[in-house]
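Trainee: The structure under discussion is supplied below as structure tokens; questions concerning it will follow.
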Amino acid sequence: MRAVDIIIKKRDKGELTREEIEFFVQGFVSGEVPDYQASSFAMAVLLNGMTPRETTDLTLAMAASGDTLDLSDVVELAVDKHSSGGVGDKTSLTVLPTVAACGLPIGKMSGRGLGFSGGTLDKLESIPGYRVDLTTDEFKKQLRAIGAVLTGQSLALAPADGKLYTLRDVTGTVPSIPLIASSIMCKKLAAGAQAIVLDVKVGLGAFMQTLEDARVLADLMVDIGKLAGRDVVALLSDMNQPLGHAVGNSLEVVEAIETLKGGGPHDFREHCLHVCAHLLLLGKRARDLDEGRSMAEAAMADGSAFEKFRVLVQAQGGDVSYVDDTSKFPRAKFVEVVPAPRSGNLSQIHARIVGEAAVILGGGRAKKTDAIDHAVGLLIHHKVGDTVRQGEPLFTIHASDESKLAQARAMVLPAHLFSSESVAPLPLFYR
Ligand code: URA
């Protein structure tokens with residue numbers, strides 16, 4: 001077999017065999033298939049698609065491209081969650097300690113932000129000392145000891161995805177349903193999850209822009225999980241406007257902590273409660289979603305969810321005094337409240353533009369090697385459907401320099417659209 005023939009077959013809309021896919025993935029990981037051929041393959045898949053069978057074979061080949069984690073000696077049932085990526089999506093920071101506080105142990109390997117979408121690891125690194133590079137042994141030990149782990153993807157697990165994702169990011173091949181489905185599912189399968197909640201984002205600030213595409217992606221991932229013998233639930237959630245108010249690393253950690261303590265923005269809290277309920281049901285701690293939701297609400301109300309977060313931060317070497325007193329997080333040099341330019345009902349807050357503005361402020365990366373400024377970002381004070389009066393605070397910019405602040409203002413102001421008609425709020429979930 002030759003890699004070039006496999007690329008040509010996909011270029012010409014052929015259906016690849018399992019052997020061809022395995023050959024390509026193994027060759028890519030071993031270095032025999034160079035990056036330029038893998039990039040070309042990714043573009044052929046983006047343009048011509050893959051059948052569900054090909055996507056499943058690609059997922060299984062990538063999952064088998066490195067070590068796999070077996071958690072059966074650590075937990076009764078290994079649960080996991082994954083978001084397909086969005087703006088202001090700090091869900092793992094709140095959900096993970098909450099379900100752990102409800103007695104469901106959960107260890108998760110998260111990723112970094114790329115492009116306009118934020119990453120859990122970058123957010124966690126706002127807490128001085130927090131380690132995101134636990135070894136597999138440390139992962140297991142901590143999961144056994146405290147029932148919660150939130151760390152980075154081990155390089156030993158699904159290395160084919162790590163390599164391919166880096167190429168996709170710089171070759172315009174991220175928004176491909178088979179490539180996203182296989183990228184997400186191979187990591188979950190390799191990390192030993194038996195029950196998985198997938199949070200598939202749809203809308204302006206997501207990789208899937210339409211409900212139809214998000215449904216196809218979700219169904220595909222559920223089917224791949226089932227074929228691999230896992231229990232999978234996929235939620236389709238809104239990503240047209242940012243989730244919660246905060247977009248930017250330490251600002252999001254503060255919002256996640258407020259939510260863990262029973263406060264936080266209404267939409268973000270509801271989103272987290274819903275994801276918690278599904279995890280508690282899949283993890284067999286709750287009999288139904290209502291019970292799961294009540295358990296999560298109780299953990300936020302009685303302080304146990306927040307306490308679990310403290311214990312988690314401490315276990316991973318983070319300075320817990322920042323969690324106890326969030327005013328310790330460094331404040332950006334320039335903080336500007338931008339007033340509403342007119343009165344009206346908000347009909348759009350373009351999530352992608354807000355995410356891009358946060359990157360320009362320094363909260364994300366334009367290139368994988370860029371450093372992150374954890375203090376910068378935005379607080380978006382309103383939601384679609386809100387009635388706003390001229391002059392009242394619309395959003396707040398946290399910036400490290402005045403020119404970036406001006407750039408962010410120029411982007412985020414027109415990202416807010418006003419209507420004189422009444423506007424219905426956006427749903428949190430579509431399915
Ligand atoms: N998240 C992933 O892990 N992979 C993708 O391809 C897209 C989002």
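By order of appearance in the structure tokens: chains A, B, ..., then residues from 1 within every chain, and ligands from 1 in the order shown.
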Residues within 9 Å of region 204-221 of chain A, please, as a PyMOL selection string. Count only C-alpha atoms; anything in the same chain fewer than 3 positions from it doesn't count.

Mentor: chain A and resi 52+55-56+84-87+116-117+174-178+180-182+184-185+198-201+224-226+232-236+238-242+350-355+430-431

Trainee: Taking the DSSP assignment computed from this structure's backbone, write out as a PyMOL selection string all residues of region 88-192 of chain A that belong to helix (DSSP H, G or I).

Mentor: chain A and resi 91-101+120-124+136-146+159-171+177-190

Trainee: For a quick check of understanding, using only C-alpha atoms and all ligand atoms, which of A:Ala160, A:Ser40, A:Val95, A:Gly27 has the smallest distance to ligand 1?

Mentor: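 Under the stated criterion, the closest residue is A:Ala160.
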
Trainee: Counting only C-alpha atoms, figure out which residue out of A:Met300, A:Leu428, A:Met295, A:Leu114 gets nearest to His271 (chain A).

Mentor: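 Answer, going by the shortest atom-to-atom distance: A:Leu428.
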
Trainee: Just asking: which residues within region 17-157 of chain A are strand (DSSP E) according to DSSP, as a CSV table (one decimal) with C-alpha atoms, in the first residue's frame?

Mentor:
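Once written, out_7.csv looks like this:
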```csv
chain,number,residue,atom,x,y,z
A,79,VAL,CA,-17.6,8.5,32.9
A,80,ASP,CA,-16.4,11.4,30.8
A,81,LYS,CA,-17.7,14.5,29.0
A,82,HIS,CA,-16.5,16.4,26.0
A,83,SER,CA,-17.6,19.7,24.4
A,106,ILE,CA,-14.8,11.5,37.1
A,107,GLY,CA,-11.4,12.1,35.6
A,108,LYS,CA,-11.1,14.2,32.4
A,109,MET,CA,-8.4,15.0,30.0
A,110,SER,CA,-9.0,18.4,28.4
A,148,ALA,CA,-11.9,14.1,40.5
A,149,VAL,CA,-9.1,14.8,38.0
A,150,LEU,CA,-8.9,17.6,35.4
A,151,THR,CA,-5.7,17.5,33.4
A,152,GLY,CA,-4.3,17.6,29.9
```

Trainee: Counting only C-alpha atoms and all ligand atoms, figure out which residue out of A:Asp231, A:Glu297, A:Asp161, A:Glu258 gets nearest to ligand 1.

Mentor: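 That would be A:Asp161, the residue with the smallest distance to ligand 1.
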
Trainee: Pick the closest to ligand 1 from A:Leu289, A:Ala228, A:Leu164, A:Ala366: which is it, counting only C-alpha atoms and all ligand atoms?

Mentor: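 Answer, going by the shortest atom-to-atom distance: A:Leu164.
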
Trainee: Which is closer to ligand 1 than all the others in A:Ala375, A:Val412, A:Ala357, A:Ala42, using only C-alpha atoms and all ligand atoms?

Mentor: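 The closest residue to ligand 1 is A:Ala42.
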
Trainee: Find the residues near Cys276 (chain A): any atom within 8 Å, counting only C-alpha atoms, skip ones fewer than 6 places away on the same chain, and give them as a PyMOL selection string.

Mentor: chain A and resi 95+98-99+292-293+296

Trainee: Next, write the just-selected residues to a file, as a PDB file, in the first residue's frame, keeping N, CA and C atoms as the atom set.

Mentor:
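selection-v5.pdb, freshly written:
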```
ATOM      1  N   VAL A  95     -18.928  21.455  36.115  1.00  0.00           N
ATOM      2  CA  VAL A  95     -19.615  20.158  36.111  1.00  0.00           C
ATOM      3  C   VAL A  95     -18.789  19.077  36.799  1.00  0.00           C
ATOM      4  N   THR A  98     -18.857  19.140  40.524  1.00  0.00           N
ATOM      5  CA  THR A  98     -20.234  18.965  41.026  1.00  0.00           C
ATOM      6  C   THR A  98     -20.631  17.494  40.990  1.00  0.00           C
ATOM      7  N   VAL A  99     -20.387  16.807  39.875  1.00  0.00           N
ATOM      8  CA  VAL A  99     -20.778  15.389  39.841  1.00  0.00           C
ATOM      9  C   VAL A  99     -19.896  14.576  40.787  1.00  0.00           C
ATOM     10  N   GLY A 292     -31.036  13.590  39.040  1.00  0.00           N
ATOM     11  CA  GLY A 292     -29.662  14.036  38.787  1.00  0.00           C
ATOM     12  C   GLY A 292     -29.542  15.540  38.952  1.00  0.00           C
ATOM     13  N   ARG A 293     -30.507  16.255  38.411  1.00  0.00           N
ATOM     14  CA  ARG A 293     -30.480  17.713  38.511  1.00  0.00           C
ATOM     15  C   ARG A 293     -30.575  18.160  39.972  1.00  0.00           C
ATOM     16  N   ALA A 296     -27.328  17.675  41.757  1.00  0.00           N
ATOM     17  CA  ALA A 296     -26.337  18.695  41.388  1.00  0.00           C
ATOM     18  C   ALA A 296     -26.685  20.034  42.052  1.00  0.00           C
TER      19      ALA A 296
END
```

Trainee: Which is closest to ligand 1 among A:Gln26, A:Ser72, A:Thr120, A:Thr51, if we use only C-alpha atoms and all ligand atoms?

Mentor: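 The closest residue to ligand 1 is A:Thr120.
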